[in-house]
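protein_30.txt (compact mmCIF, C-alpha atoms)
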# COMPACT_ATOMS: atom_id res chain seq x y z
CA MET O 301 7.32 3.97 22.59
CA LYS O 302 5.81 1.11 20.62
CA ARG O 303 7.68 0.04 17.51
CA ARG O 304 6.07 0.67 14.11
CA ILE O 305 6.62 -0.75 10.64
CA LEU O 306 6.10 1.72 7.81
CA ALA O 307 5.22 0.34 4.38
CA GLU O 308 7.43 1.39 1.52
CA ASP O 309 4.34 1.60 -0.70
CA PRO O 310 2.21 4.55 0.55
CA SER O 311 -0.89 3.08 -1.10
CA TRP O 312 -0.50 -0.27 0.68
CA THR O 313 -3.33 -1.31 2.98
CA LEU O 314 -4.05 -4.42 4.90
CA ALA O 315 -6.79 -6.18 2.92
CA LEU O 316 -8.46 -9.51 3.12
CA VAL O 317 -7.40 -12.20 0.73
CA PRO O 318 -10.01 -12.53 -2.11
CA ARG O 319 -12.44 -15.39 -1.79
CA LEU O 320 -11.55 -18.48 -3.76
CA SER O 321 -14.85 -18.30 -5.68
CA LYS O 322 -13.99 -14.77 -6.83
CA LEU O 323 -10.55 -15.88 -7.97
CA CYS O 324 -12.18 -18.72 -9.93
CA LEU O 325 -14.58 -16.31 -11.61
CA LEU O 326 -11.73 -13.97 -12.55
CA SER O 327 -9.87 -16.94 -14.01
CA MET O 328 -12.96 -17.86 -16.05
CA VAL O 329 -13.15 -14.29 -17.36
CA ASP O 330 -9.52 -14.48 -18.50
CA ASN O 331 -10.14 -17.85 -20.17
CA PHE O 332 -13.73 -17.37 -21.32
CA GLU O 333 -13.25 -19.01 -24.72
CA ALA O 334 -12.01 -22.18 -23.05
CA VAL O 335 -14.70 -22.47 -20.35
CA ALA O 336 -17.71 -21.02 -22.21
CA ASN O 337 -19.04 -24.39 -23.33
CA MET O 338 -18.24 -26.26 -20.11
CA PRO O 339 -21.08 -27.41 -17.81
CA ILE O 340 -19.72 -25.28 -14.96
CA PHE O 341 -20.70 -22.10 -16.80
CA GLU O 342 -24.35 -23.13 -16.87
CA ARG O 343 -24.31 -23.76 -13.13
CA LEU O 344 -23.38 -20.18 -12.20
CA ASN O 345 -26.04 -18.24 -10.35
CA PRO O 346 -27.24 -14.83 -11.67
CA SER O 347 -24.94 -12.79 -9.41
CA GLU O 348 -21.89 -14.78 -10.52
CA LYS O 349 -22.83 -14.37 -14.19
CA ALA O 350 -23.30 -10.63 -13.66
CA PHE O 351 -19.85 -10.46 -12.03
CA MET O 352 -18.33 -12.07 -15.13
CA GLU O 353 -20.29 -9.95 -17.63
CA GLU O 354 -18.97 -6.78 -16.02
CA ARG O 355 -15.42 -7.92 -16.75
CA LEU O 356 -15.63 -9.77 -20.07
CA SER O 357 -13.76 -8.21 -22.98
CA PRO O 358 -15.96 -6.63 -25.70
CA ALA O 359 -13.49 -8.07 -28.22
CA LEU O 360 -14.64 -11.65 -27.59
CA PRO O 361 -15.96 -13.53 -30.66
CA LEU O 362 -19.69 -13.04 -31.25
CA ARG O 363 -20.14 -16.78 -31.82
CA LEU O 364 -19.54 -17.17 -28.07
CA THR O 365 -21.17 -14.10 -26.56
CA ALA O 366 -24.32 -14.06 -28.76
CA THR O 367 -25.77 -17.15 -27.13
CA LEU O 368 -24.08 -17.20 -23.71
CA VAL O 369 -24.17 -13.56 -22.56
CA SER O 370 -27.62 -12.22 -21.75
CA ASP O 371 -28.86 -8.69 -22.38
CA GLY O 372 -27.37 -6.20 -19.96
CA LEU O 373 -24.15 -4.48 -18.95
CA TYR O 374 -21.85 -6.43 -21.27
CA TRP O 375 -23.79 -5.41 -24.39
CA ARG O 376 -24.01 -1.85 -23.13
CA ARG O 377 -20.22 -1.76 -22.90
CA CYS O 378 -19.97 -3.20 -26.43
CA CYS O 379 -22.31 -0.52 -27.82
CA GLU O 380 -20.71 2.43 -26.03
CA GLN O 381 -17.24 1.32 -27.05
CA ARG O 382 -18.22 1.17 -30.72
CA TRP O 383 -20.66 4.07 -31.21
CA LYS O 384 -20.71 7.55 -29.69
CA LEU O 385 -24.50 7.92 -29.69
CA CYS O 386 -26.36 5.06 -28.04
CA ASP O 387 -30.04 5.76 -27.32
CA VAL O 388 -31.30 2.39 -26.12
CA SER O 389 -34.88 3.68 -25.90
CA HIS O 390 -35.12 3.30 -29.69
CA TYR O 391 -34.49 -0.42 -29.27
CA SER O 392 -37.06 -1.28 -26.60
CA HIS O 393 -34.32 -0.66 -23.99
CA SER O 394 -32.41 -3.73 -25.17
CA TRP O 395 -28.65 -3.22 -25.50
CA LYS O 396 -28.25 -6.60 -27.17
CA ARG O 397 -30.82 -5.74 -29.82
CA MET O 398 -29.12 -2.39 -30.44
CA PHE O 399 -25.75 -4.03 -30.93
CA PHE O 400 -26.90 -6.68 -33.39
CA GLU O 401 -29.13 -4.34 -35.41
CA ARG O 402 -26.44 -1.70 -35.80
CA HIS O 403 -23.74 -4.28 -36.42
CA LEU O 404 -25.76 -5.86 -39.25
CA GLU O 405 -26.57 -2.43 -40.67
CA ASN O 406 -22.85 -1.61 -40.78
CA LEU O 407 -22.07 -4.87 -42.55
CA ILE O 408 -24.67 -4.12 -45.24
CA GLU O 409 -23.66 -0.45 -45.63
CA LEU O 410 -20.00 -1.39 -46.15
CA PHE O 411 -20.75 -4.37 -48.41
CA ILE O 412 -19.07 -3.98 -51.82
CA PRO O 413 -20.60 -6.32 -54.46
CA GLY O 414 -17.97 -8.43 -56.16
CA LEU O 415 -15.43 -7.73 -53.44
CA THR O 416 -17.09 -8.52 -50.10
CA GLU O 417 -18.06 -12.15 -49.62
CA PRO O 418 -21.81 -12.66 -48.93
CA LYS O 419 -20.66 -15.10 -46.24
CA THR O 420 -19.59 -12.05 -44.20
CA VAL O 421 -23.25 -11.10 -43.76
CA LEU O 422 -24.82 -14.54 -43.80
CA ASP O 423 -22.56 -15.88 -41.03
CA MET O 424 -24.05 -13.26 -38.74
CA VAL O 425 -27.67 -14.35 -39.34
CA PRO O 426 -27.79 -17.36 -36.95
CA LEU O 427 -26.41 -15.15 -34.18
CA CYS O 428 -28.68 -12.15 -34.64
CA ARG O 429 -31.95 -13.40 -36.17
CA ASN O 430 -33.73 -13.41 -32.80
CA TYR O 431 -32.74 -9.83 -31.99
CA VAL O 432 -32.97 -7.91 -35.29
CA LYS O 433 -36.43 -6.33 -35.54
CA ARG O 434 -35.47 -3.21 -37.48
CA LEU O 435 -32.90 -2.39 -40.15
CA ASP O 436 -32.16 1.21 -41.13
CA VAL O 437 -29.71 1.07 -44.03
CA ALA O 438 -28.56 4.60 -44.93
CA GLN O 439 -26.07 3.63 -47.65
CA LEU O 440 -25.64 0.95 -50.31
CA LEU O 441 -22.38 0.73 -52.23
CA LEU O 442 -21.89 -0.09 -55.90
CA PRO O 443 -19.16 -2.43 -57.18
CA ILE O 444 -15.72 -0.88 -57.47
CA LYS O 445 -14.93 0.13 -61.05
CA GLU O 446 -11.78 -1.38 -62.44
CA PRO O 447 -9.78 0.90 -64.76
CA LYS O 448 -10.11 -0.21 -68.37
CA GLN O 449 -7.13 -1.39 -70.33
CA GLU O 450 -5.69 1.25 -72.64
CA GLU O 451 -6.07 -0.97 -75.71
CA GLU O 452 -9.75 -1.63 -74.87
CA GLU O 453 -10.46 2.08 -74.86
CA PHE O 454 -9.10 2.40 -78.40
CA GLU O 455 -11.05 -0.64 -79.60
CA SER O 456 -14.46 0.58 -78.32
CA ASP O 457 -14.52 4.34 -78.62
CA SER O 458 -18.27 4.30 -79.07
CA GLU O 459 -18.91 2.78 -75.60
CA PRO O 460 -19.17 5.16 -72.62
CA GLU O 461 -16.12 4.96 -70.37
CA ASN O 462 -17.88 4.95 -67.05
CA GLU O 463 -20.75 2.54 -67.75
CA PHE O 464 -21.39 -0.60 -65.76
CA SER O 465 -22.95 -3.64 -67.31
CA PRO O 466 -26.37 -4.36 -65.75
CA SER O 467 -25.01 -7.36 -63.85
CA LYS O 468 -22.26 -5.31 -62.24
CA MET O 469 -24.38 -2.34 -61.24
CA ALA O 470 -26.43 -4.10 -58.58
CA HIS O 471 -26.07 -3.20 -54.93
CA PHE O 472 -26.35 -5.63 -52.02
CA ASP O 473 -28.80 -8.45 -52.82
CA PHE O 474 -31.44 -8.47 -50.07
CA SER O 475 -33.02 -11.66 -51.40
CA ILE O 476 -30.24 -13.68 -49.71
CA LEU O 477 -30.96 -12.14 -46.31
CA LEU O 478 -34.52 -11.04 -45.54
CA ASP O 479 -36.14 -14.48 -45.51
CA LYS O 480 -33.64 -15.56 -42.85
CA LEU O 481 -34.41 -12.67 -40.48
CA THR O 482 -37.46 -14.23 -38.87
CA SER O 483 -38.06 -11.35 -36.44
CA LEU O 484 -37.66 -8.43 -38.87
CA GLU O 485 -40.58 -5.99 -38.67
CA GLU O 486 -39.20 -2.72 -40.05
CA LEU O 487 -36.97 -2.05 -43.07
CA SER O 488 -35.69 1.37 -44.18
CA LEU O 489 -33.51 1.63 -47.28
CA VAL O 490 -31.79 4.43 -49.19
CA TYR O 491 -29.93 3.59 -52.39
CA ARG O 492 -27.15 6.16 -52.17
CA VAL O 493 -23.49 6.62 -51.26
CA ARG O 494 -22.63 8.92 -48.38
CA GLN O 495 -19.59 11.19 -48.56
CA CYS O 496 -18.76 10.28 -52.15
CA GLY O 497 -16.74 13.50 -52.59
CA MET O 498 -15.16 14.05 -56.01
CA ASN O 499 -16.18 10.54 -57.12
CA PHE O 500 -19.82 11.66 -57.49
CA GLU O 501 -21.94 9.98 -60.16
CA TRP O 502 -25.70 9.95 -60.49
CA LYS O 503 -25.62 6.14 -60.50
CA MET O 504 -24.63 6.26 -56.85
CA PHE O 505 -28.04 7.64 -55.96
CA GLU O 506 -30.55 5.33 -57.60
CA MET O 507 -31.92 1.82 -57.48
CA THR O 508 -31.17 -0.29 -60.55
CA ASP O 509 -33.60 -2.68 -62.27
CA GLN O 510 -31.71 -5.64 -60.85
CA ASP O 511 -31.87 -4.12 -57.36
CA CYS O 512 -35.61 -3.73 -57.76
CA GLU O 513 -36.14 -7.35 -58.80
CA SER O 514 -34.01 -8.74 -55.96
CA LEU O 515 -35.68 -6.48 -53.39
CA ALA O 516 -39.15 -7.47 -54.64
CA LYS O 517 -38.23 -11.12 -54.24
CA ALA O 518 -36.91 -10.44 -50.74
CA LEU O 519 -40.03 -8.53 -49.66
CA LYS O 520 -42.30 -11.33 -50.80
CA SER O 521 -40.38 -13.81 -48.67
CA CYS O 522 -40.32 -11.62 -45.55
CA GLN O 523 -43.73 -12.40 -44.06
CA THR O 524 -43.10 -10.64 -40.73
CA LEU O 525 -42.42 -7.18 -42.24
CA LYS O 526 -44.73 -4.44 -40.95
CA VAL O 527 -42.99 -1.23 -42.09
CA LEU O 528 -41.21 -0.56 -45.39
CA ARG O 529 -39.48 2.73 -46.17
CA LEU O 530 -37.73 3.26 -49.51
CA ARG O 531 -36.81 6.92 -49.92
CA PHE O 532 -34.41 9.07 -51.96
CA SER O 533 -33.75 6.19 -54.38
CA GLN O 534 -35.08 7.48 -57.74
CA VAL O 535 -37.89 4.91 -57.77
CA GLU O 536 -40.08 5.54 -60.83
CA ASP O 537 -43.27 3.93 -62.13
CA LYS O 538 -41.74 0.70 -63.44
CA LYS O 539 -39.87 -0.06 -60.22
CA CYS O 540 -42.83 0.98 -58.08
CA ARG O 541 -45.11 -1.45 -59.91
CA VAL O 542 -42.64 -4.32 -59.49
CA LEU O 543 -42.28 -3.66 -55.76
CA VAL O 544 -46.01 -3.21 -55.19
CA LYS O 545 -46.75 -6.46 -57.00
CA SER O 546 -44.60 -8.31 -54.48
CA LEU O 547 -46.52 -6.68 -51.61
CA LEU O 548 -50.03 -7.60 -52.74
CA ASP O 549 -51.85 -9.64 -50.10
CA HIS O 550 -48.91 -9.29 -47.72
CA PRO O 551 -50.02 -10.70 -44.35
CA SER O 552 -48.49 -8.09 -42.04
CA LEU O 553 -47.46 -4.90 -43.90
CA SER O 554 -49.11 -1.89 -42.25
CA GLN O 555 -46.91 1.07 -43.26
CA LEU O 556 -45.46 1.96 -46.69
CA ASP O 557 -43.24 4.98 -47.38
CA PHE O 558 -42.15 5.72 -50.98
CA SER O 559 -41.54 9.44 -50.37
CA TYR O 560 -38.91 11.52 -52.20
CA ASN O 561 -38.86 9.40 -55.36
CA ARG O 562 -40.14 9.76 -58.94
CA VAL O 563 -43.36 7.76 -58.80
CA ALA O 564 -45.97 9.10 -61.24
CA ASP O 565 -49.49 8.07 -62.26
CA ARG O 566 -48.84 4.45 -63.32
CA GLY O 567 -47.10 3.81 -60.01
CA ALA O 568 -49.97 5.53 -58.16
CA ARG O 569 -52.48 3.20 -59.83
CA ALA O 570 -50.46 0.23 -58.56
CA VAL O 571 -50.45 1.73 -55.07
CA GLY O 572 -54.22 2.16 -55.32
CA LYS O 573 -54.55 -1.52 -56.10
CA LEU O 574 -52.37 -2.31 -53.07
CA LEU O 575 -54.66 -0.33 -50.77
CA ASN O 576 -57.44 -2.84 -51.20
CA ARG O 577 -55.21 -5.91 -51.24
CA SER O 578 -53.29 -5.31 -48.03
CA LYS O 579 -53.68 -4.18 -44.43
CA LEU O 580 -51.99 -0.81 -44.93
CA GLN O 581 -52.67 1.75 -42.22
CA ILE O 582 -50.11 4.42 -43.16
CA LEU O 583 -49.22 5.43 -46.73
CA ASP O 584 -46.64 8.15 -47.49
CA MET O 585 -46.18 9.11 -51.16
CA SER O 586 -44.99 12.66 -50.54
CA ASP O 587 -42.68 14.49 -52.98
CA ASN O 588 -43.24 12.33 -56.04
CA LYS O 589 -44.72 13.11 -59.47
CA ILE O 590 -48.29 11.96 -58.97
CA SER O 591 -50.74 14.13 -60.95
CA SER O 592 -54.53 14.25 -61.00
CA HIS O 593 -54.90 10.88 -62.76
CA GLY O 594 -52.81 9.10 -60.16
CA ALA O 595 -54.68 10.87 -57.36
CA GLN O 596 -57.99 9.74 -58.82
CA ALA O 597 -56.79 6.12 -58.79
CA ILE O 598 -55.77 6.43 -55.13
CA ALA O 599 -59.08 8.15 -54.34
CA HIS O 600 -61.06 5.35 -55.98
CA ALA O 601 -59.25 2.82 -53.81
CA LEU O 602 -59.68 5.03 -50.74
CA SER O 603 -63.45 5.12 -51.19
CA LYS O 604 -63.54 1.32 -50.75
CA ASN O 605 -60.79 1.03 -48.15
CA SER O 606 -61.44 0.21 -44.50
CA THR O 607 -57.93 0.04 -42.98
CA LEU O 608 -55.97 3.17 -43.98
CA LEU O 609 -55.52 5.69 -41.15
CA SER O 610 -53.02 8.15 -42.65
CA LEU O 611 -52.45 9.35 -46.23
CA ASN O 612 -49.65 11.77 -47.17
CA LEU O 613 -49.63 13.14 -50.74
CA ARG O 614 -47.87 16.45 -50.14
CA LEU O 615 -45.62 17.97 -52.79
CA ASN O 616 -47.31 16.09 -55.64
CA PRO O 617 -48.93 18.02 -58.54
CA LEU O 618 -52.44 16.71 -57.82
CA MET O 619 -54.22 19.92 -58.83
CA ASP O 620 -57.95 20.36 -58.24
CA GLU O 621 -59.03 17.28 -60.17
CA GLY O 622 -56.98 15.08 -57.86
CA GLY O 623 -57.87 17.03 -54.71
CA GLN O 624 -61.60 16.92 -55.43
CA ALA O 625 -61.39 13.18 -56.09
CA ILE O 626 -59.83 12.69 -52.66
CA GLY O 627 -62.57 14.81 -51.12
CA LYS O 628 -65.27 12.78 -52.84
CA ALA O 629 -63.68 9.55 -51.58
CA LEU O 630 -63.92 10.80 -47.98
CA MET O 631 -67.72 10.88 -48.32
CA SER O 632 -67.72 7.07 -48.18
CA ASN O 633 -64.48 6.39 -46.29
CA ARG O 634 -64.92 6.02 -42.53
CA THR O 635 -61.42 5.12 -41.32
CA LEU O 636 -58.95 7.81 -42.52
CA ARG O 637 -57.78 10.00 -39.64
CA ARG O 638 -54.93 12.04 -41.18
CA LEU O 639 -54.75 13.59 -44.66
CA HIS O 640 -51.84 15.73 -45.92
CA LEU O 641 -52.36 17.67 -49.16
CA GLY O 642 -49.82 20.44 -48.56
CA GLY O 643 -48.17 21.93 -51.65
CA THR O 644 -50.26 19.94 -54.14
CA GLY O 645 -51.46 22.81 -56.35
CA VAL O 646 -55.08 22.65 -55.18
CA THR O 647 -57.26 25.79 -54.96
CA TRP O 648 -60.57 26.90 -53.44
CA ARG O 649 -62.37 24.23 -55.48
CA THR O 650 -60.73 21.44 -53.50
CA ALA O 651 -61.31 23.38 -50.29
CA ALA O 652 -65.01 23.60 -51.11
CA SER O 653 -65.13 19.87 -51.86
CA LEU O 654 -63.50 19.05 -48.52
CA ALA O 655 -65.77 21.51 -46.71
CA LYS O 656 -68.80 19.49 -47.86
CA VAL O 657 -67.24 16.36 -46.35
CA LEU O 658 -66.48 17.77 -42.89
CA PRO O 659 -70.08 17.93 -41.55
CA GLN O 660 -70.64 14.26 -42.51
CA ASN O 661 -67.22 12.79 -41.65
CA ASP O 662 -66.58 12.12 -37.96
CA THR O 663 -63.33 10.16 -38.25
CA LEU O 664 -60.91 12.66 -39.85
CA ARG O 665 -58.72 14.22 -37.15
CA SER O 666 -56.00 16.03 -39.10
CA LEU O 667 -56.17 17.88 -42.42
CA VAL O 668 -53.20 19.78 -43.89
CA LEU O 669 -53.75 22.11 -46.85
CA SER O 670 -50.78 24.42 -46.34
CA CYS O 671 -48.85 26.00 -49.23
CA ASN O 672 -51.86 25.98 -51.57
CA ILE O 673 -53.58 29.09 -52.93
CA LEU O 674 -57.04 28.68 -51.41
CA GLY O 675 -57.80 32.37 -51.10
CA ASP O 676 -60.73 33.95 -49.26
CA VAL O 677 -63.28 31.75 -51.03
CA GLY O 678 -61.55 28.56 -49.90
CA GLY O 679 -61.18 29.90 -46.37
CA LYS O 680 -64.86 30.77 -46.07
CA ALA O 681 -65.90 27.38 -47.45
CA LEU O 682 -63.78 25.60 -44.85
CA GLU O 683 -65.13 27.94 -42.18
CA GLU O 684 -68.64 26.71 -42.90
CA GLY O 685 -67.56 23.08 -42.98
CA VAL O 686 -65.62 23.23 -39.70
CA SER O 687 -68.50 24.93 -37.88
CA GLU O 688 -70.55 21.74 -38.27
CA ASN O 689 -67.68 19.34 -37.53
CA THR O 690 -66.88 17.99 -34.06
CA SER O 691 -63.97 15.61 -34.76
CA LEU O 692 -61.27 17.65 -36.58
CA THR O 693 -58.49 18.58 -34.12
CA GLU O 694 -55.91 19.89 -36.62
CA LEU O 695 -56.42 21.99 -39.74
CA ASP O 696 -53.27 23.57 -41.18
CA LEU O 697 -54.00 26.48 -43.54
CA SER O 698 -50.64 28.25 -43.35
CA LEU O 699 -49.55 30.06 -46.54
CA THR O 700 -52.93 29.61 -48.23
CA GLU O 701 -53.88 33.34 -48.55
CA ALA O 702 -57.12 32.65 -46.69
CA ASP O 703 -58.97 35.49 -44.97
CA LYS O 704 -57.72 36.22 -41.43
CA ARG O 705 -61.24 36.20 -40.01
CA SER O 706 -61.85 32.76 -41.47
CA LEU O 707 -58.54 31.50 -40.08
CA SER O 708 -59.40 32.88 -36.64
CA PHE O 709 -62.83 31.23 -36.62
CA ILE O 710 -61.42 27.91 -37.88
CA GLY O 711 -58.77 27.98 -35.17
CA LYS O 712 -61.44 28.56 -32.56
CA MET O 713 -63.50 25.60 -33.79
CA VAL O 714 -60.48 23.32 -33.89
CA ARG O 715 -59.56 24.24 -30.32
CA ARG O 716 -63.13 23.48 -29.29
CA ASN O 717 -62.83 20.03 -30.81
CA GLN O 718 -59.47 19.51 -29.11
CA GLY O 719 -61.03 20.33 -25.74
CA SER O 720 -63.86 17.89 -26.34
CA GLU O 721 -61.39 15.18 -27.37
CA ASN O 722 -59.25 15.71 -24.26
CA LYS O 723 -62.31 15.61 -22.03
CA LYS O 724 -63.43 12.39 -23.66
CA ARG O 725 -60.04 10.78 -23.09
CA LEU O 726 -60.06 11.77 -19.42
CA GLU O 727 -63.49 10.22 -18.93
CA GLU O 728 -62.36 7.00 -20.64
CA GLY O 729 -59.25 6.94 -18.44
CA LYS O 730 -61.32 7.15 -15.27
CA GLU O 731 -63.46 4.23 -16.38

What's the structure tokens form of this structure?
Amino acid sequence: MKRRILAEDPSWTLALVPRLSKLCLLSMVDNFEAVANMPIFERLNPSEKAFMEERLSPALPLRLTATLVSDGLYWRRCCEQRWKLCDVSHYSHSWKRMFFERHLENLIELFIPGLTEPKTVLDMVPLCRNYVKRLDVAQLLLPIKEPKQEEEEFESDSEPENEFSPSKMAHFDFSILLDKLTSLEELSLVYRVRQCGMNFEWKMFEMTDQDCESLAKALKSCQTLKVLRLRFSQVEDKKCRVLVKSLLDHPSLSQLDFSYNRVADRGARAVGKLLNRSKLQILDMSDNKISSHGAQAIAHALSKNSTLLSLNLRLNPLMDEGGQAIGKALMSNRTLRRLHLGGTGVTWRTAASLAKVLPQNDTLRSLVLSCNILGDVGGKALEEGVSENTSLTELDLSLTEADKRSLSFIGKMVRRNQGSENKKRLEEGKE
């Protein structure tokens, strides 16, 4: 029998000694902070850099990794370690962009005025300015209230206990940030506090005058911005006018969303002025307090506008005077493709006004009139208008009390237009 040697470690196997180059790379991974700025790091080939990026610690300082580590596996590991949900498709499939956008959003959402140093946010700008294209800020915190001295309470009984002075009530000041983000294209803000619990106060859910002034200044300086969303922030006429003034003649803004606020007629007139002094393509003013006068101002601007593609005025008390004004504006407008007037208090009169437009307008593709009492008269008027229209591919008349026969005929005509549109697209694709 031949003699055998049994290893004491059952998992032991005879393996080749690692290559010296691999050992050097592993040593560089362990000492990345020391070797990051050495010339040898720049001489690594792509496969060697990929080998290192797979093993680098996500806890490394961003001042090193932001410039030296390219988009890829390392940033994917950083994202997945920090957040449970990571859909990179929302970030143009760039893990590095996702990390820096969400990291900056977190810094802003947790920023406490008077307590957090602005340097905390500003130090991040040089590292992330080339990657941050969108900011979606879902929370903005107020300063922490300091308990008042007992003797002060006795001295000023007439003053409310829980009031801030105007200077202390401001949230994060965007005027110190936006002009430095040279790649920012989309900004979504909500002035509110999430999970406030028993500490609830109405002040936690509104934009202050000082916030409005600082944001207006920031928007004017951000020349690359294309999309602005400011929702659920109690924006009323005065604040709307200040913000709109800063957006007049903006070189790149194409989408504005002021939905779920308290904008009324004076704010709507300012928005109407903006329509013809901007390149807006999408305007969403849904769920505000715009009445017929405000709608007429927007309609007047719409009649002269040549860029707007989508207008959403749902859940505003426009009534028939406002609805008919919008319909009249469509007689001369040749660019609007989507119009939403759901839940605006319009009746058959507005339906009849829009029905007169449909045979002459060949650009409107979607019209929503749901949740309005149009009745049989409104349904029949729209039936006549749709029969002579070849471009409308969506007409929502749900909950309008229109006649079933009219609804059936309108549906048939809309499906006909959809078929024609699909056929046209196929022919264009073949060419």

* region 517-519 of chain O environment, 10 Å, only C-alpha atoms, sequence neighbours closer than 3 positions dropped, as a ChimeraX atom specification -> /O:473-480,487,511-514,522-525,528,542-544,546-547,550

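With all atoms listed in the file taken into account, the protein and nucleic acid residues at most 9 Å from region 371-385 of chain O (excluding it and anything under 5 positions from it in its own chain) are O:Ala350, O:Glu353, O:Glu354, O:Arg355, O:Leu356, O:Ser357, O:Pro358, O:Ala359, O:Ser394, O:Trp395, O:Lys396, O:Arg397, O:Met398, O:Phe399.
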
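You will find CA of Lys503 (chain O) at 19.1 Å from CA of Phe558 (chain O).
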
* **Asp620 (chain O) environment, 10 Å, only C-alpha atoms, sequence neighbours closer than 4 positions dropped, as a PyMOL selection string** => chain O and resi 591-592+624-626+644-651+653

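The coordinates place CA of Leu415 (chain O) at 22.9 Å from CA of Glu401 (chain O).
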
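The space between CA of Lys445 (chain O) and CA of Ala470 (chain O) spans 12.5 Å.
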
* Structure fact -> One residue among O:Ser606, O:Ser327, O:Ser706, O:Asn612 is nearest to Arg634 (chain O) when using only C-alpha atoms, and that residue is O:Ser606

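Checking O:Leu484, O:Leu442, O:Met498, O:Cys428 one by one against Leu362 (chain O), counting all atoms listed in the file, you find the shortest gap at O:Cys428.
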
Could the centre and edge lengths of an axis-aligned box, enclosing all atoms of region 387-404 of chain O in the file with 5 Å extra on each side, be given in Å to one decimal as JSON?
{"center_x": -30.4, "center_y": -0.5, "center_z": -31.6, "size_x": 23.3, "size_y": 22.4, "size_z": 25.3}

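For the set O:Met713, O:Val563, O:Ala438, O:Ala334, the residue with the smallest atom-to-atom gap to Leu407 (chain O) is O:Ala438, counting only C-alpha atoms.
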
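Among O:Gln510, O:His593, O:Met631, O:Arg614, the residue with the shortest atom-to-atom distance to Ser559 (chain O), counting all atoms listed in the file, is O:Arg614.
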
* With distances taken over only C-alpha atoms, which of O:Leu548, O:Leu326, O:Leu410, O:Val425 is nearest to Thr482 (chain O)? -> O:Val425

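With all atoms listed in the file as the atoms that count, the residue of O:Gly685, O:Pro443, O:Gly623, O:Pro659 with the shortest distance to Ile412 (chain O) is O:Pro443.
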
* Asked: Which residues, written as a PyMOL selection string, have at least one atom at most 9 Å from Phe472 (chain O), with only C-alpha atoms counted and residues fewer than 5 positions away on the same chain left out?
  -> chain O and resi 408-409+411-413+418+440-442+511
